[in-house]
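Next up, my_file-v8.csv (CSV, C-alpha atoms and all ligand atoms):
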chain,number,residue,atom,x,y,z
O,20,MET,CA,-28.1,12.4,18.0
O,21,GLU,CA,-25.0,10.7,16.5
O,22,LYS,CA,-25.3,9.8,12.9
O,23,LYS,CA,-23.6,7.3,10.6
O,24,LEU,CA,-21.1,9.0,8.4
O,25,THR,CA,-21.0,8.2,4.7
O,26,PHE,CA,-18.1,9.3,2.4
O,27,LEU,CA,-17.4,9.2,-1.3
O,28,GLY,CA,-13.7,8.2,-1.9
O,29,ILE,CA,-11.8,8.8,-5.1
O,30,GLU,CA,-8.4,7.3,-6.0
O,31,THR,CA,-6.3,8.0,-9.2
O,32,SER,CA,-2.7,8.3,-7.9
O,33,CYS,CA,-1.3,5.6,-10.2
O,34,ASP,CA,-2.8,3.0,-12.6
O,35,GLU,CA,-6.1,2.2,-10.8
O,36,THR,CA,-9.2,4.4,-11.3
O,37,ALA,CA,-11.3,3.8,-8.2
O,38,ALA,CA,-14.3,5.2,-6.4
O,39,SER,CA,-16.1,3.9,-3.3
O,40,ILE,CA,-18.8,4.7,-0.8
O,41,VAL,CA,-18.0,3.8,2.8
O,42,GLN,CA,-20.1,4.2,5.9
O,43,GLU,CA,-18.9,4.3,9.5
O,44,ASN,CA,-21.2,2.5,11.8
O,45,LEU,CA,-22.1,4.0,15.2
O,46,ASP,CA,-19.7,1.5,16.9
O,47,GLY,CA,-16.8,2.8,14.8
O,48,SER,CA,-16.7,-0.2,12.4
O,49,ALA,CA,-16.7,0.3,8.6
O,50,LYS,CA,-19.3,-0.8,6.0
O,51,VAL,CA,-18.1,-0.7,2.4
O,52,LEU,CA,-21.3,0.0,0.4
O,53,SER,CA,-19.4,-0.1,-2.9
O,54,SER,CA,-15.8,-0.3,-4.1
O,55,ILE,CA,-15.2,0.0,-7.8
O,56,VAL,CA,-11.6,-0.4,-9.1
O,57,SER,CA,-10.8,-0.2,-12.8
O,58,SER,CA,-7.3,-1.5,-13.4
O,59,GLN,CA,-5.3,-0.3,-16.4
O,60,ILE,CA,-3.3,-3.5,-16.6
O,61,LYS,CA,-4.2,-4.1,-20.3
O,62,GLU,CA,-3.1,-0.6,-21.3
O,63,HIS,CA,0.3,-0.9,-19.6
O,64,GLU,CA,1.0,-4.6,-20.1
O,65,LYS,CA,2.7,-4.1,-23.5
O,66,PHE,CA,5.1,-1.6,-22.1
O,67,GLY,CA,5.9,-3.8,-19.0
O,68,GLY,CA,5.3,-0.8,-16.7
O,69,ILE,CA,3.2,2.3,-16.1
O,70,VAL,CA,3.2,5.0,-18.8
O,71,PRO,CA,2.1,8.3,-16.9
O,72,GLU,CA,0.5,10.0,-19.9
O,73,LEU,CA,-1.5,6.9,-20.8
O,74,ALA,CA,-2.5,6.4,-17.2
O,75,ALA,CA,-3.8,10.0,-16.9
O,76,ARG,CA,-5.8,9.8,-20.1
O,77,SER,CA,-7.4,6.5,-19.0
O,78,HIS,CA,-8.3,8.1,-15.6
O,79,VAL,CA,-10.0,11.0,-17.5
O,80,GLU,CA,-11.9,8.6,-19.7
O,81,ASN,CA,-13.1,6.4,-16.9
O,82,ILE,CA,-13.5,8.5,-13.7
O,83,GLU,CA,-17.1,9.8,-14.2
O,84,PHE,CA,-18.4,6.3,-15.0
O,85,ILE,CA,-16.6,4.8,-12.0
O,86,ILE,CA,-18.0,7.4,-9.6
O,87,SER,CA,-21.5,7.0,-11.0
O,88,LYS,CA,-21.2,3.2,-10.6
O,89,ALA,CA,-20.0,3.5,-7.0
O,90,LEU,CA,-23.0,5.7,-6.1
O,91,LYS,CA,-25.4,3.5,-8.0
O,92,ASP,CA,-24.1,0.2,-6.4
O,93,ALA,CA,-24.3,1.8,-2.9
O,94,LYS,CA,-27.7,3.2,-3.7
O,95,VAL,CA,-26.8,6.7,-2.5
O,96,ASN,CA,-26.9,10.1,-4.1
O,97,PHE,CA,-24.8,13.2,-3.5
O,98,ASP,CA,-27.4,14.5,-0.9
O,99,GLN,CA,-26.9,11.4,1.2
O,100,ILE,CA,-23.1,11.7,1.6
O,101,ASP,CA,-21.4,13.6,4.4
O,102,GLY,CA,-18.2,14.4,2.5
O,103,VAL,CA,-15.8,13.7,-0.4
O,104,ALA,CA,-12.3,12.4,0.0
O,105,ALA,CA,-9.8,12.2,-2.9
O,106,THR,CA,-6.2,11.1,-3.0
O,107,ALA,CA,-3.9,14.2,-3.3
O,108,GLY,CA,-0.5,12.5,-3.2
O,109,PRO,CA,2.0,11.0,-3.3
O,110,GLY,CA,1.9,9.8,-6.9
O,111,LEU,CA,2.0,11.0,-10.5
O,112,ILE,CA,0.8,14.6,-10.6
O,113,VAL,CA,-0.9,14.1,-14.0
O,114,CYS,CA,-2.9,11.2,-12.5
O,115,LEU,CA,-3.6,12.7,-9.1
O,116,THR,CA,-5.0,15.8,-10.7
O,117,VAL,CA,-7.8,13.9,-12.4
O,118,GLY,CA,-9.3,12.4,-9.2
O,119,LEU,CA,-8.5,15.4,-7.0
O,120,ASN,CA,-10.2,17.9,-9.4
O,121,ILE,CA,-13.4,15.9,-9.8
O,122,GLY,CA,-13.5,15.3,-6.1
O,123,LYS,CA,-13.2,19.0,-5.4
O,124,ALA,CA,-15.8,19.8,-8.1
O,125,ILE,CA,-18.3,17.4,-6.5
O,126,ALA,CA,-17.7,18.7,-3.0
O,127,GLY,CA,-18.1,22.3,-4.3
O,128,PHE,CA,-21.3,21.7,-6.2
O,129,ALA,CA,-22.9,19.4,-3.6
O,130,GLU,CA,-21.7,21.8,-0.8
O,131,LYS,CA,-20.0,18.9,1.1
O,132,PRO,CA,-16.8,19.0,3.2
O,133,PHE,CA,-13.7,17.9,1.3
O,134,VAL,CA,-10.7,15.9,2.5
O,135,ALA,CA,-7.4,15.6,0.5
O,136,VAL,CA,-6.1,12.2,1.5
O,137,ASN,CA,-2.5,11.0,1.6
O,138,HIS,CA,-2.5,7.7,-0.3
O,139,LEU,CA,-0.2,6.2,2.3
O,140,GLU,CA,-2.6,7.1,5.1
O,141,GLY,CA,-5.3,5.3,3.1
O,142,HIS,CA,-3.1,2.1,3.1
O,143,ALA,CA,-2.1,2.7,6.7
O,144,LEU,CA,-5.7,2.8,8.0
O,145,SER,CA,-7.1,0.2,5.4
O,146,PRO,CA,-7.0,-2.8,7.7
O,147,ALA,CA,-9.7,-1.1,9.8
O,148,LEU,CA,-12.2,-1.6,7.0
O,149,ASN,CA,-12.4,-5.2,8.2
O,150,ASN,CA,-11.1,-5.2,11.8
O,151,LYS,CA,-11.5,-3.1,14.9
O,152,ILE,CA,-7.9,-1.9,15.7
O,153,LYS,CA,-6.8,0.2,18.6
O,154,PHE,CA,-4.0,2.8,18.3
O,155,PRO,CA,-1.0,2.6,18.6
O,156,TYR,CA,0.0,-0.2,16.2
O,157,LEU,CA,3.1,-1.2,14.3
O,158,LEU,CA,2.6,-1.0,10.5
O,159,LEU,CA,4.6,-2.5,7.7
O,160,LEU,CA,3.5,-0.7,4.6
O,161,ILE,CA,4.7,-2.6,1.5
O,162,SER,CA,3.6,-1.3,-1.9
O,163,GLY,CA,4.9,-0.4,-5.4
O,164,GLY,CA,6.3,2.9,-4.3
O,165,HIS,CA,7.0,2.5,-0.5
O,166,SER,CA,8.4,0.0,2.1
O,167,GLN,CA,8.2,1.4,5.6
O,168,TYR,CA,7.9,0.4,9.2
O,169,LEU,CA,5.7,3.0,11.0
O,170,ILE,CA,4.3,3.5,14.5
O,171,VAL,CA,0.7,4.5,13.9
O,172,ASN,CA,-0.1,6.6,17.0
O,173,ASP,CA,-3.4,7.9,15.7
O,174,VAL,CA,-4.9,9.3,12.5
O,175,ASN,CA,-2.5,11.9,11.2
O,176,ASP,CA,0.2,10.9,13.7
O,177,TYR,CA,2.9,8.6,12.4
O,178,LYS,CA,6.4,7.9,13.4
O,179,GLN,CA,8.6,6.2,10.8
O,180,ILE,CA,11.1,3.8,12.3
O,181,GLY,CA,12.4,2.2,9.1
O,182,THR,CA,12.2,2.7,5.3
O,183,THR,CA,13.9,1.4,2.1
O,184,ILE,CA,17.1,3.2,1.2
O,185,ASP,CA,16.6,2.3,-2.5
O,186,ASP,CA,13.8,0.3,-4.2
O,187,ALA,CA,10.4,-0.4,-2.8
O,188,LEU,CA,9.5,-4.0,-2.3
O,189,GLY,CA,6.7,-4.0,-4.9
O,190,GLU,CA,9.2,-2.5,-7.3
O,191,ALA,CA,11.6,-5.4,-6.6
O,192,PHE,CA,8.9,-7.9,-7.4
O,193,ASP,CA,8.0,-6.0,-10.6
O,194,LYS,CA,11.6,-5.8,-11.8
O,195,THR,CA,12.2,-9.5,-11.0
O,196,ALA,CA,9.1,-10.4,-13.0
O,197,LYS,CA,10.4,-8.3,-15.9
O,198,MET,CA,13.9,-9.8,-15.8
O,199,LEU,CA,12.4,-13.3,-15.8
O,200,ASN,CA,9.8,-12.4,-18.4
O,201,LEU,CA,7.0,-13.7,-16.1
O,202,GLY,CA,4.4,-11.0,-17.1
O,203,TYR,CA,2.9,-7.8,-15.7
O,204,PRO,CA,2.0,-6.9,-13.0
O,205,GLY,CA,5.0,-8.5,-11.5
O,206,GLY,CA,4.1,-9.3,-7.9
O,207,PRO,CA,1.3,-11.7,-8.6
O,208,ALA,CA,3.3,-13.3,-11.4
O,209,VAL,CA,6.4,-13.9,-9.2
O,210,GLU,CA,4.1,-15.4,-6.5
O,211,LYS,CA,2.4,-17.7,-9.0
O,212,PHE,CA,5.6,-19.0,-10.5
O,213,ALA,CA,7.5,-19.2,-7.2
O,214,LYS,CA,5.0,-22.0,-6.2
O,215,GLN,CA,6.5,-24.2,-8.9
O,216,GLY,CA,10.2,-23.6,-8.0
O,217,ASP,CA,12.8,-24.7,-5.4
O,218,LYS,CA,13.1,-21.8,-3.0
O,219,ASN,CA,16.5,-23.0,-1.7
O,220,PHE,CA,18.1,-23.4,-5.2
O,221,TYR,CA,19.7,-19.9,-5.3
O,222,LYS,CA,21.5,-18.2,-2.5
O,223,LEU,CA,20.8,-14.5,-2.9
O,224,PRO,CA,22.0,-11.5,-0.9
O,225,GLN,CA,20.1,-9.9,1.9
O,226,PRO,CA,21.4,-6.3,1.8
O,227,ILE,CA,22.0,-4.5,5.1
O,228,ILE,CA,20.5,-7.4,7.0
O,229,ASN,CA,22.6,-7.0,10.1
O,230,LYS,CA,22.8,-3.2,10.2
O,231,ALA,CA,20.8,0.0,9.9
O,232,GLY,CA,18.0,-1.1,12.3
O,233,CYS,CA,14.8,-1.9,10.5
O,234,ASN,CA,15.7,0.1,7.3
O,235,LEU,CA,15.4,-2.0,4.2
O,236,SER,CA,17.4,-2.4,0.9
O,237,PHE,CA,16.5,-4.4,-2.2
O,238,ALA,CA,18.8,-3.0,-4.9
O,239,GLY,CA,21.6,-5.6,-4.3
O,240,LEU,CA,19.1,-8.4,-4.4
O,241,LYS,CA,17.7,-7.1,-7.7
O,242,THR,CA,21.2,-7.0,-9.2
O,243,ALA,CA,21.8,-10.6,-8.1
O,244,VAL,CA,18.6,-11.7,-9.7
O,245,LEU,CA,19.6,-9.8,-12.9
O,246,ILE,CA,23.0,-11.6,-13.0
O,247,GLN,CA,21.3,-15.0,-12.5
O,248,SER,CA,18.5,-14.3,-15.0
O,249,LYS,CA,21.0,-13.7,-17.8
O,250,LYS,CA,22.6,-17.1,-17.2
O,251,ILE,CA,19.4,-19.1,-17.4
O,252,LYS,CA,18.0,-17.8,-20.7
O,253,ASP,CA,14.7,-19.6,-21.2
O,254,ASN,CA,15.1,-22.6,-18.9
O,255,LYS,CA,11.7,-22.7,-17.2
O,256,LYS,CA,12.7,-24.8,-14.2
O,257,LEU,CA,15.5,-22.4,-13.4
O,258,LYS,CA,13.2,-19.4,-13.9
O,259,PHE,CA,10.8,-20.8,-11.4
O,260,ASN,CA,13.7,-21.6,-9.0
O,261,LEU,CA,14.9,-18.0,-9.2
O,262,ALA,CA,11.4,-16.6,-8.6
O,263,ALA,CA,11.0,-18.9,-5.6
O,264,SER,CA,14.5,-18.1,-4.2
O,265,PHE,CA,13.8,-14.4,-4.6
O,266,GLN,CA,10.5,-14.6,-2.7
O,267,GLU,CA,12.2,-16.8,0.0
O,268,THR,CA,15.0,-14.1,0.4
O,269,ILE,CA,12.3,-11.4,0.8
O,270,ASN,CA,10.6,-13.5,3.5
O,271,LYS,CA,14.0,-13.9,5.3
O,272,ILE,CA,14.7,-10.1,5.0
O,273,LEU,CA,11.2,-9.2,6.3
O,274,LYS,CA,11.4,-11.7,9.1
O,275,LYS,CA,14.7,-10.3,10.4
O,276,LYS,CA,13.8,-6.6,10.0
O,277,THR,CA,10.3,-7.1,11.4
O,278,LYS,CA,11.9,-8.6,14.6
O,279,VAL,CA,14.0,-5.4,14.9
O,280,ALA,CA,10.8,-3.3,14.4
O,281,PHE,CA,9.0,-5.3,17.1
O,282,GLN,CA,11.8,-4.4,19.6
O,283,GLU,CA,11.8,-0.7,18.6
O,284,PHE,CA,8.0,-0.6,18.8
O,285,ASN,CA,8.1,-2.1,22.3
O,286,GLU,CA,10.7,0.3,23.5
O,287,LEU,CA,9.0,3.4,22.0
O,288,THR,CA,5.5,2.5,23.1
O,289,LYS,CA,6.3,0.7,26.4
O,290,LYS,CA,4.5,-2.4,25.1
O,291,LYS,CA,1.2,-0.6,25.2
O,292,ASN,CA,-0.5,-2.5,22.4
O,293,ASN,CA,1.2,-5.4,20.6
O,294,ILE,CA,-0.6,-5.2,17.2
O,295,PHE,CA,1.3,-5.7,13.9
O,296,VAL,CA,-0.5,-4.5,10.8
O,297,VAL,CA,0.6,-5.3,7.2
O,298,ALA,CA,-0.9,-3.2,4.3
O,299,GLY,CA,-0.2,-2.2,0.7
O,300,GLY,CA,-0.2,-4.1,-2.6
O,301,VAL,CA,2.6,-6.6,-1.6
O,302,ALA,CA,0.6,-7.6,1.5
O,303,ALA,CA,-1.6,-9.6,-0.9
O,304,ASN,CA,1.2,-12.1,-1.2
O,305,GLN,CA,0.2,-15.3,0.6
O,306,SER,CA,3.7,-16.5,1.3
O,307,ILE,CA,4.6,-13.2,2.9
O,308,ARG,CA,1.3,-13.2,4.9
O,309,LYS,CA,1.9,-16.6,6.3
O,310,SER,CA,5.5,-16.0,7.2
O,311,LEU,CA,4.7,-12.6,8.9
O,312,LYS,CA,1.7,-14.1,10.7
O,313,ASP,CA,3.8,-16.9,12.2
O,314,LEU,CA,6.6,-14.4,13.2
O,315,ALA,CA,4.1,-12.1,14.9
O,316,GLU,CA,2.5,-14.9,16.9
O,317,GLU,CA,5.9,-16.2,18.0
O,318,ASN,CA,6.7,-12.6,19.2
O,319,ASN,CA,3.4,-12.0,21.0
O,320,PHE,CA,2.1,-9.5,18.4
O,321,LYS,CA,-1.4,-9.8,17.1
O,322,PRO,CA,-1.1,-9.9,13.3
O,323,ILE,CA,-3.7,-8.0,11.2
O,324,PHE,CA,-3.6,-7.9,7.4
O,325,SER,CA,-5.7,-5.8,5.0
O,326,GLU,CA,-8.3,-7.9,3.3
O,327,ILE,CA,-6.8,-8.9,-0.1
O,328,GLU,CA,-9.3,-6.7,-2.0
O,329,PHE,CA,-8.0,-3.7,0.0
O,330,CYS,CA,-4.3,-4.4,-0.2
O,331,GLY,CA,-3.8,-3.0,-3.7
O,332,ASP,CA,-5.0,0.5,-4.6
O,333,ASN,CA,-8.7,1.1,-4.0
O,334,ALA,CA,-10.9,4.0,-3.0
O,335,ALA,CA,-12.6,2.4,0.0
O,336,MET,CA,-9.4,3.1,2.0
O,337,ILE,CA,-9.5,6.7,0.8
O,338,ALA,CA,-13.1,7.2,1.8
O,339,TRP,CA,-12.3,5.6,5.2
O,340,ALA,CA,-9.3,7.8,5.8
O,341,GLY,CA,-11.5,10.7,4.7
O,342,ILE,CA,-14.1,9.8,7.4
O,343,GLN,CA,-11.4,9.5,10.1
O,344,ARG,CA,-9.9,12.9,9.2
O,345,TYR,CA,-13.3,14.5,9.0
O,346,LYS,CA,-14.0,13.3,12.6
O,347,LYS,CA,-10.8,15.2,13.6
O,348,ARG,CA,-11.8,18.2,11.6
O,349,LEU,CA,-8.9,17.8,9.3
O,350,LEU,CA,-10.6,19.3,6.3
O,351,ASN,CA,-9.2,20.9,3.2
O,352,ASP,CA,-10.0,23.9,1.1
O,353,LEU,CA,-10.9,23.4,-2.5
O,354,ASN,CA,-7.7,25.1,-3.7
O,355,VAL,CA,-5.6,22.2,-2.3
O,356,GLU,CA,-2.9,21.1,-4.8
O,357,PRO,CA,-1.6,17.5,-5.5
O,358,LYS,CA,1.8,16.5,-4.2
O,359,SER,CA,4.2,14.0,-5.8
O,360,ARG,CA,6.1,13.5,-2.5
O,361,TRP,CA,4.2,13.4,0.8
O,362,PRO,CA,5.8,11.4,3.7
O,363,LEU,CA,3.5,10.3,6.5
O,364,ASP,CA,6.1,11.2,9.1
O,365,LYS,CA,7.3,14.8,8.2
O,366,GLU,CA,10.2,14.6,10.6
O,367,ALA,CA,11.6,11.4,9.1
O,368,GLN,CA,15.0,11.6,7.4
O,369,TYR,CA,15.0,11.2,3.6
O,370,MET,CA,16.8,8.0,3.1
O,371,LYS,CA,17.5,7.8,-0.6
O,372,GLY,CA,20.3,9.1,-2.8
O,373,PRO,CA,24.1,9.4,-2.8
O,374,GLY,CA,26.1,10.0,0.3
O,375,LEU,CA,23.8,8.0,2.5
O,376,LYS,CA,25.7,6.7,5.6
O,377,LEU,CA,24.2,3.8,7.5
O,401,LIG,O1,-0.4,-0.6,-3.1
O,401,LIG,P1,-0.3,-0.8,-4.6
O,401,LIG,O2,-1.4,-1.4,-5.3
O,401,LIG,O3,0.2,0.5,-5.3
O,401,LIG,C1,1.1,1.4,-4.8
O,401,LIG,O4,0.6,2.2,-3.9
O,401,LIG,O5,2.3,1.3,-5.1
O,401,LIG,O6,1.0,-1.8,-4.8
O,401,LIG,C2,1.3,-2.3,-6.0
O,401,LIG,C3,2.5,-3.2,-5.9
O,401,LIG,C4,3.1,-3.7,-7.2
O,401,LIG,O7,4.5,-3.5,-7.2
O,401,LIG,C5,2.7,-5.1,-7.3
O,401,LIG,O8,3.6,-5.9,-8.1
O,401,LIG,C6,2.7,-5.5,-5.8
O,401,LIG,O9,2.1,-4.4,-5.2
O,401,LIG,N1,1.9,-6.7,-5.6
O,401,LIG,C7,2.4,-7.9,-5.2
O,401,LIG,C8,1.4,-8.8,-5.2
O,401,LIG,N2,0.2,-8.2,-5.6
O,401,LIG,C9,0.6,-6.9,-5.9
O,401,LIG,N3,3.7,-8.2,-4.8
O,401,LIG,C10,3.9,-9.5,-4.4
O,401,LIG,N4,3.0,-10.5,-4.4
O,401,LIG,C11,1.7,-10.2,-4.7
O,401,LIG,N5,0.7,-11.1,-4.7
O,402,ZN,ZN,-1.0,2.2,-3.1

Same coordinates, now as structure tokens:
Amino acid sequence: MEKKLTFLGIETSCDETAASIVQENLDGSAKVLSSIVSSQIKEHEKFGGIVPELAARSHVENIEFIISKALKDAKVNFDQIDGVAATAGPGLIVCLTVGLNIGKAIAGFAEKPFVAVNHLEGHALSPALNNKIKFPYLLLLISGGHSQYLIVNDVNDYKQIGTTIDDALGEAFDKTAKMLNLGYPGGPAVEKFAKQGDKNFYKLPQPIINKAGCNLSFAGLKTAVLIQSKKIKDNKKLKFNLAASFQETINKILKKKTKVAFQEFNELTKKKNNIFVVAGGVAANQSIRKSLKDLAEENNFKPIFSEIEFCGDNAAMIAWAGIQRYKKRLLNDLNVEPKSRWPLDKEAQYMKGPGLKL
């Protein structure tokens, strides 16, 4: 008889300490029994960014409590779980090690299967926590460390069709917030202040907009924001205008590049399944959600977004990816090591660095 699968997920790749219990129903849908996320915003706020050693120490201090709370809230014990999944990369090694080691220890002592999850696969599959989605689908993954268009053919089967050649989109939001002194974390701050500004006030560059397929670039935009931010000093109105104009420029870039990605997806998949999924921390931005939703509908794609609570880093997406890999027998030994770099598409060309020709 088929049985519901229940997994413990653990996530410590960056500045969120998270644990979750997720169950897969017999119809393949997900039930999140608990999802605990402890953000370290307070600890990193005064530095305006993440300090790796501080983040790692904070994971060590919190992880046991967070895992116990996830089990308690879900009302399950170790005997009732079918496996343990922990993020093994990409990310800061000192941080990854904390969650990975405790995950391996629990799996070892409880004699449960263990899955080392790619954090990006967690984001890529996260919209399925609230939606039934059929493969293949086009994915835009926009987070603090990555900005990519991928064709998700199946679990563990990804084709990258576009990526950033310099900064990630979340990074561009964070740096803009820092330059304008809007607060940390940057993305939500820029979104909040953009609402009070004139989005057409500044004309900002849209790098590589008419070339390089659906690859992305944000460095030139960041430099333009830096130049303008130095001119406006503490003028609030202009600050808000610059935040609004930055966000509007991002929307224009994403619209143009997503259209290119739609075409490539259609050509490569022979229009099998027109689904457009958006995931990652930046997918929480309401203005980006609205603009991409409209674009998808105009182009006969069904738009699906991660729920806001599963856009940013969380462990429910790790538990879910763990269940999906377990079903394909993609299990790991307990000697698996963390990886700082771990692309979803192993064949994809590395796009950063000097000498890049577009
Ligand atoms: O996925 P995530 O939590 O962590 C990584 O895997 O990187 O993404 C974090 C990024 C940060 O750069 C943060 O500023 C950005 O997502 N972000 C946002 C918003 N909320 C978070 N960017 C724009 N608008 C938002 N509302
Ligand atoms: Zn993430």

Find the residue from O:His165, O:Arg360, O:His142, O:Lys271 that sits nearest to Cys330 in chain O; use only C-alpha atoms when measuring.
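Between O:His165, O:Arg360, O:His142, O:Lys271, the residue approaching Cys330 in chain O most closely is O:His142.
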
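CA of Ala367 in chain O is found 16.0 Å from CA of Asn137 in chain O.
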
Residues up to 9 Å from ligand LIG 401 (chain O), counting only C-alpha atoms and all ligand atoms: could you list those as a PDB file with C-alpha atoms, keeping the file's coordinate frame?
ATOM      1  CA  SER O  32      -2.700   8.300  -7.900  1.00  0.00           C
ATOM      2  CA  CYS O  33      -1.300   5.600 -10.200  1.00  0.00           C
ATOM      3  CA  ASP O  34      -2.800   3.000 -12.600  1.00  0.00           C
ATOM      4  CA  GLU O  35      -6.100   2.200 -10.800  1.00  0.00           C
ATOM      5  CA  PRO O 109       2.000  11.000  -3.300  1.00  0.00           C
ATOM      6  CA  GLY O 110       1.900   9.800  -6.900  1.00  0.00           C
ATOM      7  CA  HIS O 138      -2.500   7.700  -0.300  1.00  0.00           C
ATOM      8  CA  LEU O 139      -0.200   6.200   2.300  1.00  0.00           C
ATOM      9  CA  HIS O 142      -3.100   2.100   3.100  1.00  0.00           C
ATOM     10  CA  LEU O 160       3.500  -0.700   4.600  1.00  0.00           C
ATOM     11  CA  ILE O 161       4.700  -2.600   1.500  1.00  0.00           C
ATOM     12  CA  SER O 162       3.600  -1.300  -1.900  1.00  0.00           C
ATOM     13  CA  GLY O 163       4.900  -0.400  -5.400  1.00  0.00           C
ATOM     14  CA  GLY O 164       6.300   2.900  -4.300  1.00  0.00           C
ATOM     15  CA  HIS O 165       7.000   2.500  -0.500  1.00  0.00           C
ATOM     16  CA  ALA O 187      10.400  -0.400  -2.800  1.00  0.00           C
ATOM     17  CA  LEU O 188       9.500  -4.000  -2.300  1.00  0.00           C
ATOM     18  CA  GLY O 189       6.700  -4.000  -4.900  1.00  0.00           C
ATOM     19  CA  GLU O 190       9.200  -2.500  -7.300  1.00  0.00           C
ATOM     20  CA  ALA O 191      11.600  -5.400  -6.600  1.00  0.00           C
ATOM     21  CA  PHE O 192       8.900  -7.900  -7.400  1.00  0.00           C
ATOM     22  CA  ASP O 193       8.000  -6.000 -10.600  1.00  0.00           C
ATOM     23  CA  LYS O 194      11.600  -5.800 -11.800  1.00  0.00           C
ATOM     24  CA  ALA O 196       9.100 -10.400 -13.000  1.00  0.00           C
ATOM     25  CA  TYR O 203       2.900  -7.800 -15.700  1.00  0.00           C
ATOM     26  CA  PRO O 204       2.000  -6.900 -13.000  1.00  0.00           C
ATOM     27  CA  GLY O 205       5.000  -8.500 -11.500  1.00  0.00           C
ATOM     28  CA  GLY O 206       4.100  -9.300  -7.900  1.00  0.00           C
ATOM     29  CA  PRO O 207       1.300 -11.700  -8.600  1.00  0.00           C
ATOM     30  CA  ALA O 208       3.300 -13.300 -11.400  1.00  0.00           C
ATOM     31  CA  VAL O 209       6.400 -13.900  -9.200  1.00  0.00           C
ATOM     32  CA  GLU O 210       4.100 -15.400  -6.500  1.00  0.00           C
ATOM     33  CA  LYS O 211       2.400 -17.700  -9.000  1.00  0.00           C
ATOM     34  CA  GLN O 266      10.500 -14.600  -2.700  1.00  0.00           C
ATOM     35  CA  ALA O 298      -0.900  -3.200   4.300  1.00  0.00           C
ATOM     36  CA  GLY O 299      -0.200  -2.200   0.700  1.00  0.00           C
ATOM     37  CA  GLY O 300      -0.200  -4.100  -2.600  1.00  0.00           C
ATOM     38  CA  VAL O 301       2.600  -6.600  -1.600  1.00  0.00           C
ATOM     39  CA  ALA O 302       0.600  -7.600   1.500  1.00  0.00           C
ATOM     40  CA  ALA O 303      -1.600  -9.600  -0.900  1.00  0.00           C
ATOM     41  CA  ASN O 304       1.200 -12.100  -1.200  1.00  0.00           C
ATOM     42  CA  GLN O 305       0.200 -15.300   0.600  1.00  0.00           C
ATOM     43  CA  SER O 306       3.700 -16.500   1.300  1.00  0.00           C
ATOM     44  CA  ILE O 307       4.600 -13.200   2.900  1.00  0.00           C
ATOM     45  CA  ILE O 327      -6.800  -8.900  -0.100  1.00  0.00           C
ATOM     46  CA  PHE O 329      -8.000  -3.700   0.000  1.00  0.00           C
ATOM     47  CA  CYS O 330      -4.300  -4.400  -0.200  1.00  0.00           C
ATOM     48  CA  GLY O 331      -3.800  -3.000  -3.700  1.00  0.00           C
ATOM     49  CA  ASP O 332      -5.000   0.500  -4.600  1.00  0.00           C
ATOM     50  CA  ASN O 333      -8.700   1.100  -4.000  1.00  0.00           C
TER      51      ASN O 333
END

Closest of O:Ile227, O:Leu235, O:Leu115, O:Leu144 to Ser325 in chain O - atom-to-atom distances counting only C-alpha atoms:
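Going through O:Ile227, O:Leu235, O:Leu115, O:Leu144 one by one, the smallest distance to Ser325 in chain O is for O:Leu144.
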
Work out how far apart CA of Asn200 in chain O and CA of Ser264 in chain O are and give it in Å to one decimal.
16.0 Å

Just give me the gap between CA of Gly47 in chain O and CA of Tyr168 in chain O in Å, one decimal is fine.
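These atoms are spaced 25.4 Å apart.
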
Write out as an NGL selection string the residues lying within 9 Å of Gly141 in chain O, counting all atoms listed in the file and excluding same-chain residues fewer than 2 positions away.
:O and (106 or 136-139 or 143-145 or 333-341)

Under the rule that all atoms listed in the file are counted, which of O:Gln282, O:Gln99, O:Asn175, O:Asn150 is the nearest residue to Lys22 in chain O?
O:Gln99

10 Å contact set for Pro71 in chain O, only C-alpha atoms, chain neighbours under 3 positions out, as a tab-separated table (two decimals) with C-alpha atoms, in the coordinates of the input:
chain	number	residue	atom	x	y	z
O	33	CYS	CA	-1.30	5.60	-10.20
O	34	ASP	CA	-2.80	3.00	-12.60
O	63	HIS	CA	0.30	-0.90	-19.60
O	68	GLY	CA	5.30	-0.80	-16.70
O	74	ALA	CA	-2.50	6.40	-17.20
O	75	ALA	CA	-3.80	10.00	-16.90
O	76	ARG	CA	-5.80	9.80	-20.10
O	77	SER	CA	-7.40	6.50	-19.00
O	111	LEU	CA	2.00	11.00	-10.50
O	112	ILE	CA	0.80	14.60	-10.60
O	113	VAL	CA	-0.90	14.10	-14.00
O	114	CYS	CA	-2.90	11.20	-12.50

Got a sec: who's within 6 Å of range 49-60 of chain O, counting only C-alpha atoms, leaving out chain neighbours fewer than 4 positions off, as a PyMOL selection string?
chain O and resi 34-44+64+89+92-93+148+335
